[in-house]
Structure formats: structure tokens, C-alpha cells
$ cat upload-v3.txt   # compact mmCIF, C-alpha atoms
# COMPACT_ATOMS: atom_id res chain seq x y z
CA GLY A 1 126.52 131.67 74.30
CA ARG A 2 123.36 129.70 73.77
CA LEU A 3 122.71 126.05 74.38
CA ARG A 4 120.86 124.80 71.33
CA THR A 5 118.63 121.92 72.28
CA GLY A 6 116.22 121.88 69.38
CA MET A 7 113.51 123.42 71.57
CA GLY A 8 113.32 126.71 69.68
CA MET A 9 114.19 128.79 72.74
CA CYS A 10 116.87 131.42 73.01
CA GLY A 11 118.92 132.42 76.01
CA ARG A 12 120.69 130.14 78.44
CA GLN A 13 118.77 126.90 78.72
CA LEU A 14 117.79 124.80 81.72
CA LEU A 15 117.39 121.05 81.34
CA ALA A 16 115.96 119.67 84.58
CA GLY A 17 114.95 116.29 85.88
CA TYR A 18 116.09 113.24 87.77
CA ALA A 19 118.72 112.92 85.11
CA GLY A 20 118.97 116.69 85.26
CA VAL A 21 117.67 120.19 84.34
CA CYS A 22 119.15 123.14 82.32
CA ALA A 23 118.65 126.67 83.62
CA GLY A 24 118.96 130.29 82.80
CA PRO A 25 117.75 133.63 84.19
CA SER A 26 114.27 133.65 85.71
CA ARG A 27 111.36 134.51 83.46
CA ARG A 28 107.85 134.80 84.83
CA CYS A 29 104.93 133.28 82.98
CA SER A 30 101.91 135.59 82.78
CA ARG A 31 99.48 132.71 82.28
CA LYS A 32 97.48 131.91 85.40
CA SER A 33 97.81 128.32 86.53
CA SER A 34 95.25 125.86 87.81
CA HIS A 35 98.03 124.48 89.98
CA GLN A 36 98.50 127.64 92.07
CA CYS A 37 96.82 125.86 94.99
CA THR A 38 99.42 123.11 94.63
CA LEU A 39 102.24 125.62 94.95
CA ARG A 40 100.65 127.19 98.01
CA ARG A 41 100.22 123.76 99.55
CA PHE A 42 103.91 123.03 99.06
CA SER A 43 104.97 126.34 100.55
CA GLY A 44 103.07 125.48 103.74
CA ILE A 45 105.19 122.41 104.54
CA THR A 46 107.07 122.76 107.82
CA ALA A 47 110.70 123.87 107.55
CA ARG A 48 112.06 120.53 108.66
CA LYS A 49 115.62 121.54 109.32
CA HIS A 50 114.41 123.51 112.35
CA THR A 51 112.47 120.71 114.05
CA VAL A 52 112.54 117.03 115.10
CA LEU A 53 110.31 114.86 112.92
CA PRO A 54 107.93 112.36 114.55
CA SER A 55 108.84 109.49 112.19
CA ALA A 56 110.82 108.53 109.10
CA MET A 57 107.64 108.91 107.07
CA HIS A 58 107.67 112.64 107.81
CA ALA A 59 111.11 112.91 106.18
CA ILE A 60 109.57 111.99 102.83
CA HIS A 61 109.45 114.94 100.35
CA GLU A 62 111.62 118.06 100.11
CA THR A 63 114.71 116.46 98.58
CA PRO A 64 117.46 118.91 97.56
CA CYS A 65 118.50 119.98 94.06
CA VAL A 66 122.12 120.40 93.07
CA ASN A 67 123.71 122.21 90.14
CA LEU A 68 125.98 119.77 88.29
CA SER A 69 128.33 122.59 87.36
CA ARG A 70 131.48 120.50 86.95
CA LEU A 71 129.65 118.16 84.59
CA THR A 72 128.36 120.99 82.40
CA ALA A 73 131.82 122.60 82.36
CA HIS A 74 133.39 119.27 81.39
CA ILE A 75 131.05 118.69 78.44
CA GLY A 76 131.03 122.34 77.43
CA LEU A 77 127.37 123.25 77.97
CA ALA A 78 126.44 126.92 78.23
CA GLY A 79 123.49 126.32 80.55
CA SER A 80 123.04 124.37 83.77
CA ILE A 81 122.00 120.84 84.64
CA VAL A 82 120.20 120.45 87.95
CA SER A 83 119.61 117.07 89.55
CA LYS A 84 116.98 116.33 92.21
CA LEU A 85 118.44 113.91 94.74
CA GLU A 86 115.64 111.45 95.36
CA TYR A 87 118.06 108.92 96.82
CA LEU A 88 118.15 111.09 99.95
CA SER A 89 114.59 110.04 100.77
CA PRO A 90 114.33 107.61 103.76
CA GLY A 91 113.82 104.59 101.47
CA PHE A 92 116.44 105.82 98.98
CA SER A 93 114.05 106.41 96.07
CA LYS A 94 111.24 108.60 94.74
CA LYS A 95 108.83 105.71 95.39
CA ASP A 96 108.67 106.83 99.04
CA ARG A 97 106.58 109.76 97.85
CA ILE A 98 103.87 107.64 96.25
CA ALA A 99 103.81 105.23 99.20
CA ARG A 100 102.96 108.07 101.57
CA GLN A 101 100.47 109.65 99.18
CA MET A 102 98.57 106.43 98.43
CA VAL A 103 98.27 105.41 102.07
CA GLU A 104 97.31 108.87 103.33
CA GLU A 105 94.69 109.29 100.59
CA ALA A 106 93.23 105.84 101.28
CA LEU A 107 92.95 106.66 104.98
CA ALA A 108 91.31 110.01 104.20
CA ASP A 109 88.68 108.56 101.84
CA GLY A 110 87.95 105.47 103.95
CA HIS A 111 89.30 102.83 101.59
CA LEU A 112 91.91 101.98 104.23
CA GLN A 113 90.84 101.48 107.83
CA PRO A 114 93.07 101.98 110.89
CA GLN A 115 95.40 98.99 111.43
CA GLN A 116 94.16 97.31 108.24
CA THR A 117 96.77 95.29 106.33
CA VAL A 118 98.29 96.88 103.22
CA ILE A 119 99.50 94.64 100.38
CA GLU A 120 101.37 95.40 97.18
CA LEU A 121 103.41 93.50 94.63
CA THR A 122 106.82 95.07 94.29
CA SER A 123 110.35 94.59 93.03
CA GLY A 124 111.68 96.62 95.93
CA ASN A 125 111.46 100.41 95.82
CA THR A 126 107.72 100.88 96.27
CA GLY A 127 107.69 98.13 98.88
CA THR A 128 110.47 99.83 100.82
CA GLY A 129 108.50 103.08 100.87
CA LEU A 130 105.32 101.30 101.91
CA ALA A 131 107.14 99.47 104.70
CA ILE A 132 108.31 102.82 106.11
CA VAL A 133 104.89 104.48 105.82
CA CYS A 134 102.91 101.51 107.16
CA ALA A 135 105.24 101.10 110.13
CA ALA A 136 104.82 104.77 111.01
CA LEU A 137 101.01 104.62 110.75
CA GLY A 138 100.49 101.24 112.39
CA HIS A 139 99.50 99.13 109.39
CA PRO A 140 100.86 95.62 108.76
CA PHE A 141 102.46 95.58 105.33
CA VAL A 142 102.83 92.55 103.06
CA ALA A 143 105.18 92.76 100.09
CA VAL A 144 104.69 90.16 97.36
CA MET A 145 107.59 89.64 94.99
CA SER A 146 109.11 87.07 92.67
CA ARG A 147 112.14 85.06 93.70
CA GLY A 148 113.68 86.42 90.52
CA ASN A 149 113.89 89.88 92.11
CA SER A 150 116.76 91.13 94.25
CA MET A 151 116.97 89.35 97.59
CA GLU A 152 118.71 92.41 99.02
CA ARG A 153 115.45 94.31 98.51
CA ALA A 154 113.51 91.55 100.23
CA ARG A 155 115.84 91.67 103.22
CA MET A 156 115.55 95.47 103.40
CA MET A 157 111.76 95.37 103.45
CA SER A 158 111.80 92.64 106.07
CA ALA A 159 114.18 94.69 108.23
CA LEU A 160 111.72 97.60 107.99
CA GLY A 161 108.94 95.41 109.38
CA ALA A 162 107.29 94.08 106.23
CA GLU A 163 106.16 90.51 105.73
CA VAL A 164 107.75 89.46 102.46
CA ILE A 165 106.12 86.68 100.44
CA LEU A 166 108.32 85.25 97.70
CA VAL A 167 106.58 83.68 94.72
CA GLU A 168 108.44 80.90 92.94
CA GLN A 169 109.46 81.50 89.35
CA CYS A 170 107.92 79.52 86.52
CA GLU A 171 109.67 76.47 85.18
CA GLY A 172 112.34 77.51 82.71
CA SER A 173 112.68 81.05 84.04
CA VAL A 174 116.20 82.41 84.45
CA PRO A 175 117.20 83.04 88.09
CA GLY A 176 117.55 86.78 88.66
CA GLN A 177 115.36 87.63 85.66
CA VAL A 178 111.60 88.04 86.06
CA SER A 179 109.63 86.93 83.01
CA GLY A 180 106.09 87.91 82.06
CA ASP A 181 104.85 84.55 83.33
CA ASP A 182 106.71 85.06 86.61
CA LEU A 183 105.07 88.46 87.00
CA GLN A 184 101.63 86.99 86.34
CA ARG A 185 102.20 84.55 89.18
CA VAL A 186 102.97 87.47 91.48
CA PHE A 187 99.81 89.30 90.34
CA ASP A 188 97.70 86.22 91.01
CA GLU A 189 99.22 85.65 94.47
CA THR A 190 98.70 89.31 95.37
CA ALA A 191 95.03 89.23 94.35
CA LYS A 192 94.49 86.09 96.41
CA LEU A 193 96.14 87.54 99.52
CA VAL A 194 94.11 90.76 99.31
CA VAL A 195 90.90 88.72 99.54
CA GLU A 196 92.16 86.26 102.17
CA ARG A 197 93.40 88.98 104.51
CA GLY A 198 90.78 91.63 103.84
CA ALA A 199 93.63 93.93 102.88
CA PHE A 200 93.97 97.22 101.06
CA ARG A 201 96.03 97.03 97.88
CA ALA A 202 98.33 100.01 97.37
CA ASP A 203 98.24 99.62 93.59
CA GLN A 204 100.61 102.16 92.04
CA PHE A 205 99.33 101.37 88.54
CA GLU A 206 95.72 102.24 89.40
CA LEU A 207 95.72 104.73 92.28
CA GLU A 208 95.95 108.38 91.30
CA GLY A 209 98.04 109.09 94.38
CA ASN A 210 100.97 107.88 92.27
CA VAL A 211 100.59 110.96 90.05
CA ARG A 212 99.41 113.37 92.74
CA ALA A 213 102.48 112.73 94.89
CA HIS A 214 104.53 114.35 92.14
CA LEU A 215 101.94 116.92 91.05
CA GLU A 216 101.55 118.21 94.61
CA HIS A 217 105.09 117.75 95.91
CA THR A 218 107.94 116.81 93.56
CA GLY A 219 106.97 119.25 90.81
CA PRO A 220 106.27 122.23 93.11
CA GLU A 221 109.50 121.51 95.02
CA LEU A 222 111.48 121.65 91.78
CA ILE A 223 109.72 124.85 90.72
CA SER A 224 110.45 126.53 94.06
CA GLN A 225 114.08 125.43 94.05
CA VAL A 226 114.75 126.52 90.47
CA LYS A 227 113.02 129.88 90.92
CA GLY A 228 114.79 130.38 94.24
CA ALA A 229 118.10 130.03 92.42
CA GLY A 230 117.08 132.73 89.92
CA MET A 231 116.74 130.21 87.10
CA ARG A 232 114.02 129.15 84.71
CA LEU A 233 113.46 125.56 83.70
CA ASP A 234 113.35 124.81 79.99
CA ALA A 235 113.30 121.01 79.96
CA PHE A 236 112.65 118.06 82.25
CA VAL A 237 114.09 114.58 81.68
CA ASP A 238 112.97 111.38 83.39
CA PHE A 239 112.77 107.64 82.86
CA VAL A 240 109.44 105.86 83.41
CA GLY A 241 108.13 102.75 85.11
CA SER A 242 104.48 103.33 85.97
CA GLY A 243 104.85 106.89 84.64
CA GLY A 244 103.58 108.59 87.79
CA THR A 245 106.63 110.80 88.31
CA PHE A 246 106.74 111.98 84.72
CA ALA A 247 102.99 112.65 84.53
CA GLY A 248 102.82 114.56 87.83
CA VAL A 249 106.01 116.57 87.52
CA SER A 250 105.35 117.47 83.89
CA ALA A 251 101.87 118.80 84.70
CA ALA A 252 103.25 120.99 87.48
CA LEU A 253 106.15 122.28 85.38
CA ARG A 254 104.06 123.13 82.34
CA ALA A 255 101.74 125.15 84.59
CA ALA A 256 104.70 127.20 85.83
CA TRP A 257 106.63 127.42 82.55
CA VAL A 258 104.33 127.03 79.57
CA HIS A 259 107.26 126.51 77.19
CA ALA A 260 108.95 123.79 79.27
CA LYS A 261 109.66 120.60 77.35
CA CYS A 262 109.34 117.21 79.06
CA TYR A 263 111.20 114.14 77.82
CA VAL A 264 111.17 110.42 78.63
CA VAL A 265 114.38 108.41 78.25
CA GLU A 266 114.02 104.72 77.38
CA PRO A 267 116.57 101.91 76.95
CA ALA A 268 117.35 101.35 73.27
CA GLY A 269 116.43 97.70 73.65
CA ALA A 270 113.07 98.35 75.31
CA ALA A 271 111.63 101.48 73.70
CA VAL A 272 108.05 100.55 74.51
CA LEU A 273 106.59 104.06 74.76
CA SER A 274 108.07 105.33 71.52
CA GLY A 275 107.59 102.06 69.65
CA ARG A 276 111.04 102.23 68.07
CA ASN A 277 112.12 98.73 69.06
CA ASP A 278 111.20 96.09 66.47
CA ALA A 279 111.54 93.32 69.07
CA LEU A 280 108.61 94.84 70.97
CA SER A 281 106.50 95.72 67.95
CA GLY A 282 103.58 93.81 69.38
CA LEU A 283 103.54 95.98 72.51
CA ALA A 284 104.58 99.41 71.28
CA PRO A 285 103.85 102.23 71.09
CA HIS A 286 102.40 102.06 74.59
CA LYS A 287 100.76 104.83 76.63
CA ILE A 288 102.13 105.82 80.03
CA GLN A 289 100.22 103.61 82.44
CA VAL A 290 99.29 106.06 85.20
CA MET A 291 97.53 109.34 84.48
CA LEU A 292 95.07 111.52 86.38
CA ARG A 293 91.51 110.83 85.27
CA PRO A 294 89.23 113.71 84.23
$ encode --input "upload-v3.txt" --output "C-alpha cells"
Amino acid sequence: GRLRTGMGMCGRQLLAGYAGVCAGPSRRCSRKSSHQCTLRRFSGITARKHTVLPSAMHAIHETPCVNLSRLTAHIGLAGSIVSKLEYLSPGFSKKDRIARQMVEEALADGHLQPQQTVIELTSGNTGTGLAIVCAALGHPFVAVMSRGNSMERARMMSALGAEVILVEQCEGSVPGQVSGDDLQRVFDETAKLVVERGAFRADQFELEGNVRAHLEHTGPELISQVKGAGMRLDAFVDFVGSGGTFAGVSAALRAAWVHAKCYVVEPAGAAVLSGRNDALSGLAPHKIQVMLRP
């Protein structure tokens, strides 16, 4: 049978992403890709299961994919859903990838000097990744976060060697909920600390390493894994924060499978990108924040 997804494609479908993928028999695309160098770069990564890695940072990338076959059987889908297990990264999230990419690129282009302090505002995941990378490379790392964020995340970053600076919430803010005014306080404190300490800011909303981490690694990994299983990918599904994962992975996938569809999932109560939430009409529709510049 066919899985009809509204994508106008016949055959067994593959819906892939962090939420999942759907797959069918392999079909080669005859169109030459500008990302062929990216695929070659990925294929040159050391086969890590046959060696001892020098640090936790070197365990970032190459997360496995699994076929959620029992799920698809339960809901009666004809195709496959494949999930990429980013929680198996050392810091338990895909943000480890951008932490490594941003720091390594900054070292390579001279924006970050050896042993220079790295600073970033974070709610936890990016800071955890940066703490791992900076510890491995010998950089002090300072994480700036609101007291409204999870204290478990703050303790994790501290345990990984980060200095965690907690910024008090604004008067009237709800404990455990970070308001726009709370976030502005964190931005202001981060900017001040960067100047005071002569630090490098690992800004995931501005640095293109956020996208390249997924264009050069996550996307090519997914392509290699899906093709290695004899499947083709028809759709990719992700949620967005900065948008780096979606932008990078989508670019890589569309180069490999020109007909692949890429979808963003948003909460019904905060549909900022699509602009479907009346409560956020003043903010939406909103472009994805991080994209590669021409």
C-alpha cells in the first residue's frame, strides 16, 4: 500500500527527522549536488567504535538512527518512521553539535584565542555542550542564565566545569517562567561580561556554525544512514528554537533528495513561524532566526 501524506509522491514513503522519518526503497537523484564535498567530509570521520576517543568532545556527532517499526505498525502506516537519537550525544542534546562547531570555527579563524574565556547566555542545552567542548579544549566557560530557568541545568553545567552566573528575574516575574524582560536582563548581563572579561561570545543566533554543524554533520549522517538501510527519505520533521538544525539538515537533505519535504512543528499556542496564533499576531509570521548568509 501507499502512505498518502499530501506530498504528491507514490511508493512507500519515508518521513524522517528528530520526531521521525518515513522511508521506502532507495532512489538515486541524478541532480549533482553542491553538497557533495559535505558528504565526503562526513565519510572521512574516524570509525569511533574501533578506537578510544581523546575526550568527550570527540564523541559529539554520529548519533544512531532507529526504525520505529512498532510505532508504525501500531498506527497502521505503510512506510517507516526513523528517529535520530540526539540524546545519545555526551550532553544529551543536538546542541552539543553546534557548541563544537562554533568553538572550532572560532579557533580556526582567530576570533577565539587559546585559553580565552567563552561566554554564552543559555537555558541549559547549549551551555552544557559548550561546557564539554571548552573543558576539552582548555577554555574557561561562563554560562549566563536567568533564575527562572531550570536549576538542574545550572548544576549540570557547573559539574562540567562551567562558571554559572544567575541573573535575577524582574519584579513580578513568575518563578520558573522566563519573561521577555527577564531574558533582556540576561542579554544585558552577557554583553557586559563579554567586555569585562575580554571573552568570545558563542552566539548561536548569529554564528553560522549553528547551521553548518547540521549541514556538514547531522544532515549527511542521516543521508548515509537512510541510504545504508536501502531507504529513501521523503520528509523531515523538526521543531525549531534558533532554527539551525532545521536550516542545516534541510539543505543537506534537499541536495540528496530533491523531492524531500521539510516540515517545522510548532506548539498550537505559540505558532510564531506560521503566524497562526492570534495571541502572537504582533510577532508572527517570523522568519527562522539562523540561516547561512550568501
$ residues_around --input "upload-v3.txt" --residues "A:Leu160" --least-positions-apart "3" --cutoff "12 Å" --atoms "all atoms listed in the file" --output "PyMOL selection string"
chain A and resi 56+90-91+127-136+140-143+153-157+163-164
$ atom_distance --input "upload-v3.txt" --atom1 "atom CA of A:His217" --atom2 "atom CA of A:Val237"
17.1 Å
$ closest_residue --input "upload-v3.txt" --among "A:Glu105, A:Glu120, A:Glu86, A:Asp238" --to "A:Glu208" --atoms "only C-alpha atoms"
A:Glu105
$ residues_around --input "upload-v3.txt" --residues "stretch 263-266 of chain A" --least-positions-apart "4" --cutoff "9 Å" --atoms "all atoms listed in the file" --output "list in words"
Ala235, Phe236, Val237, Asp238, Phe239, Val240, Phe246, Ala270, Ala271, Val272, Leu273 and Ser274 of chain A
$ closest_residue --input "upload-v3.txt" --among "A:Ile165, A:Ile98, A:Leu68, A:Leu193" --to "A:Ala213" --atoms "only C-alpha atoms"
A:Ile98
$ residues_near_point --input "upload-v3.txt" --point "(101.8, 110.6, 92.2)" --cutoff "10 Å" --atoms "all atoms listed in the file" --output "compact mmCIF listing (two decimals) with C-alpha atoms, in the coordinates of the input"
# COMPACT_ATOMS: atom_id res chain seq x y z
CA LYS A 94 111.24 108.60 94.74
CA LYS A 95 108.83 105.71 95.39
CA ARG A 97 106.58 109.76 97.85
CA ILE A 98 103.87 107.64 96.25
CA ALA A 99 103.81 105.23 99.20
CA ARG A 100 102.96 108.07 101.57
CA GLN A 101 100.47 109.65 99.18
CA MET A 102 98.57 106.43 98.43
CA GLN A 204 100.61 102.16 92.04
CA LEU A 207 95.72 104.73 92.28
CA GLU A 208 95.95 108.38 91.30
CA GLY A 209 98.04 109.09 94.38
CA ASN A 210 100.97 107.88 92.27
CA VAL A 211 100.59 110.96 90.05
CA ARG A 212 99.41 113.37 92.74
CA ALA A 213 102.48 112.73 94.89
CA HIS A 214 104.53 114.35 92.14
CA LEU A 215 101.94 116.92 91.05
CA GLU A 216 101.55 118.21 94.61
CA HIS A 217 105.09 117.75 95.91
CA THR A 218 107.94 116.81 93.56
CA SER A 242 104.48 103.33 85.97
CA GLY A 243 104.85 106.89 84.64
CA GLY A 244 103.58 108.59 87.79
CA THR A 245 106.63 110.80 88.31
CA PHE A 246 106.74 111.98 84.72
CA ALA A 247 102.99 112.65 84.53
CA GLY A 248 102.82 114.56 87.83
CA VAL A 249 106.01 116.57 87.52
CA VAL A 290 99.29 106.06 85.20
CA MET A 291 97.53 109.34 84.48
CA LEU A 292 95.07 111.52 86.38
$ atom_distance --input "upload-v3.txt" --atom1 "atom CA of A:Val178" --atom2 "atom CA of A:Gly148"
5.2 Å
$ closest_residue --input "upload-v3.txt" --among "A:Ser123, A:Ser173, A:Met57, A:Thr72" --to "A:Met151" --atoms "all atoms listed in the file"
A:Ser123
$ closest_residue --input "upload-v3.txt" --among "A:Ile119, A:Leu88, A:Ala59, A:Leu253" --to "A:Val103" --atoms "all atoms listed in the file"
A:Ile119
$ axis_aligned_box --input "upload-v3.txt" --around "stretch 167-186 of chain A" --padding-each-side "8 Å" --output "lines of an AutoDock Vina configuration file"
center_x = 109.6
center_y = 82.5
center_z = 88.4
size_x = 31.9
size_y = 28.0
size_z = 28.7
$ build_atoms --input "upload-v3.txt" --residues "stretch 152-168 of chain A" --atoms "N, CA, C and O atoms" --output "PDB file, in the frame of the given file"
ATOM      1  N   GLU A 152     118.317  91.297  98.150  1.00  0.00           N
ATOM      2  CA  GLU A 152     118.710  92.410  99.020  1.00  0.00           C
ATOM      3  C   GLU A 152     117.504  93.296  99.314  1.00  0.00           C
ATOM      4  O   GLU A 152     117.335  93.760 100.450  1.00  0.00           O
ATOM      5  N   ARG A 153     116.646  93.503  98.310  1.00  0.00           N
ATOM      6  CA  ARG A 153     115.450  94.310  98.510  1.00  0.00           C
ATOM      7  C   ARG A 153     114.501  93.609  99.484  1.00  0.00           C
ATOM      8  O   ARG A 153     113.870  94.249 100.322  1.00  0.00           O
ATOM      9  N   ALA A 154     114.381  92.309  99.331  1.00  0.00           N
ATOM     10  CA  ALA A 154     113.510  91.550 100.230  1.00  0.00           C
ATOM     11  C   ALA A 154     113.991  91.654 101.665  1.00  0.00           C
ATOM     12  O   ALA A 154     113.199  91.839 102.598  1.00  0.00           O
ATOM     13  N   ARG A 155     115.294  91.568 101.858  1.00  0.00           N
ATOM     14  CA  ARG A 155     115.840  91.670 103.220  1.00  0.00           C
ATOM     15  C   ARG A 155     115.639  93.081 103.783  1.00  0.00           C
ATOM     16  O   ARG A 155     115.378  93.251 104.974  1.00  0.00           O
ATOM     17  N   MET A 156     115.760  94.100 102.933  1.00  0.00           N
ATOM     18  CA  MET A 156     115.550  95.470 103.400  1.00  0.00           C
ATOM     19  C   MET A 156     114.119  95.666 103.873  1.00  0.00           C
ATOM     20  O   MET A 156     113.868  96.230 104.949  1.00  0.00           O
ATOM     21  N   MET A 157     113.160  95.209 103.059  1.00  0.00           N
ATOM     22  CA  MET A 157     111.760  95.370 103.450  1.00  0.00           C
ATOM     23  C   MET A 157     111.446  94.605 104.725  1.00  0.00           C
ATOM     24  O   MET A 157     110.716  95.092 105.594  1.00  0.00           O
ATOM     25  N   SER A 158     112.003  93.425 104.850  1.00  0.00           N
ATOM     26  CA  SER A 158     111.800  92.640 106.070  1.00  0.00           C
ATOM     27  C   SER A 158     112.377  93.359 107.284  1.00  0.00           C
ATOM     28  O   SER A 158     111.758  93.400 108.354  1.00  0.00           O
ATOM     29  N   ALA A 159     113.548  93.956 107.128  1.00  0.00           N
ATOM     30  CA  ALA A 159     114.180  94.690 108.230  1.00  0.00           C
ATOM     31  C   ALA A 159     113.353  95.898 108.639  1.00  0.00           C
ATOM     32  O   ALA A 159     113.388  96.320 109.806  1.00  0.00           O
ATOM     33  N   LEU A 160     112.570  96.440 107.700  1.00  0.00           N
ATOM     34  CA  LEU A 160     111.720  97.600 107.990  1.00  0.00           C
ATOM     35  C   LEU A 160     110.359  97.190 108.551  1.00  0.00           C
ATOM     36  O   LEU A 160     109.511  98.051 108.782  1.00  0.00           O
ATOM     37  N   GLY A 161     110.162  95.886 108.748  1.00  0.00           N
ATOM     38  CA  GLY A 161     108.940  95.410 109.380  1.00  0.00           C
ATOM     39  C   GLY A 161     107.930  94.773 108.458  1.00  0.00           C
ATOM     40  O   GLY A 161     106.854  94.351 108.904  1.00  0.00           O
ATOM     41  N   ALA A 162     108.232  94.673 107.173  1.00  0.00           N
ATOM     42  CA  ALA A 162     107.290  94.080 106.230  1.00  0.00           C
ATOM     43  C   ALA A 162     107.327  92.555 106.293  1.00  0.00           C
ATOM     44  O   ALA A 162     108.352  91.955 106.609  1.00  0.00           O
ATOM     45  N   GLU A 163     106.196  91.948 105.992  1.00  0.00           N
ATOM     46  CA  GLU A 163     106.160  90.510 105.730  1.00  0.00           C
ATOM     47  C   GLU A 163     106.390  90.347 104.230  1.00  0.00           C
ATOM     48  O   GLU A 163     105.645  90.902 103.419  1.00  0.00           O
ATOM     49  N   VAL A 164     107.408  89.622 103.869  1.00  0.00           N
ATOM     50  CA  VAL A 164     107.750  89.460 102.460  1.00  0.00           C
ATOM     51  C   VAL A 164     107.383  88.055 102.006  1.00  0.00           C
ATOM     52  O   VAL A 164     107.848  87.059 102.588  1.00  0.00           O
ATOM     53  N   ILE A 165     106.536  87.964 101.000  1.00  0.00           N
ATOM     54  CA  ILE A 165     106.120  86.680 100.440  1.00  0.00           C
ATOM     55  C   ILE A 165     106.775  86.529  99.077  1.00  0.00           C
ATOM     56  O   ILE A 165     106.553  87.351  98.179  1.00  0.00           O
ATOM     57  N   LEU A 166     107.599  85.497  98.943  1.00  0.00           N
ATOM     58  CA  LEU A 166     108.320  85.250  97.700  1.00  0.00           C
ATOM     59  C   LEU A 166     107.583  84.217  96.872  1.00  0.00           C
ATOM     60  O   LEU A 166     107.268  83.129  97.354  1.00  0.00           O
ATOM     61  N   VAL A 167     107.308  84.561  95.629  1.00  0.00           N
ATOM     62  CA  VAL A 167     106.580  83.680  94.720  1.00  0.00           C
ATOM     63  C   VAL A 167     107.591  82.981  93.821  1.00  0.00           C
ATOM     64  O   VAL A 167     108.449  83.634  93.205  1.00  0.00           O
ATOM     65  N   GLU A 168     107.507  81.673  93.752  1.00  0.00           N
ATOM     66  CA  GLU A 168     108.440  80.900  92.940  1.00  0.00           C
ATOM     67  C   GLU A 168     108.333  81.264  91.470  1.00  0.00           C
ATOM     68  O   GLU A 168     107.249  81.567  90.962  1.00  0.00           O
TER      69      GLU A 168
END
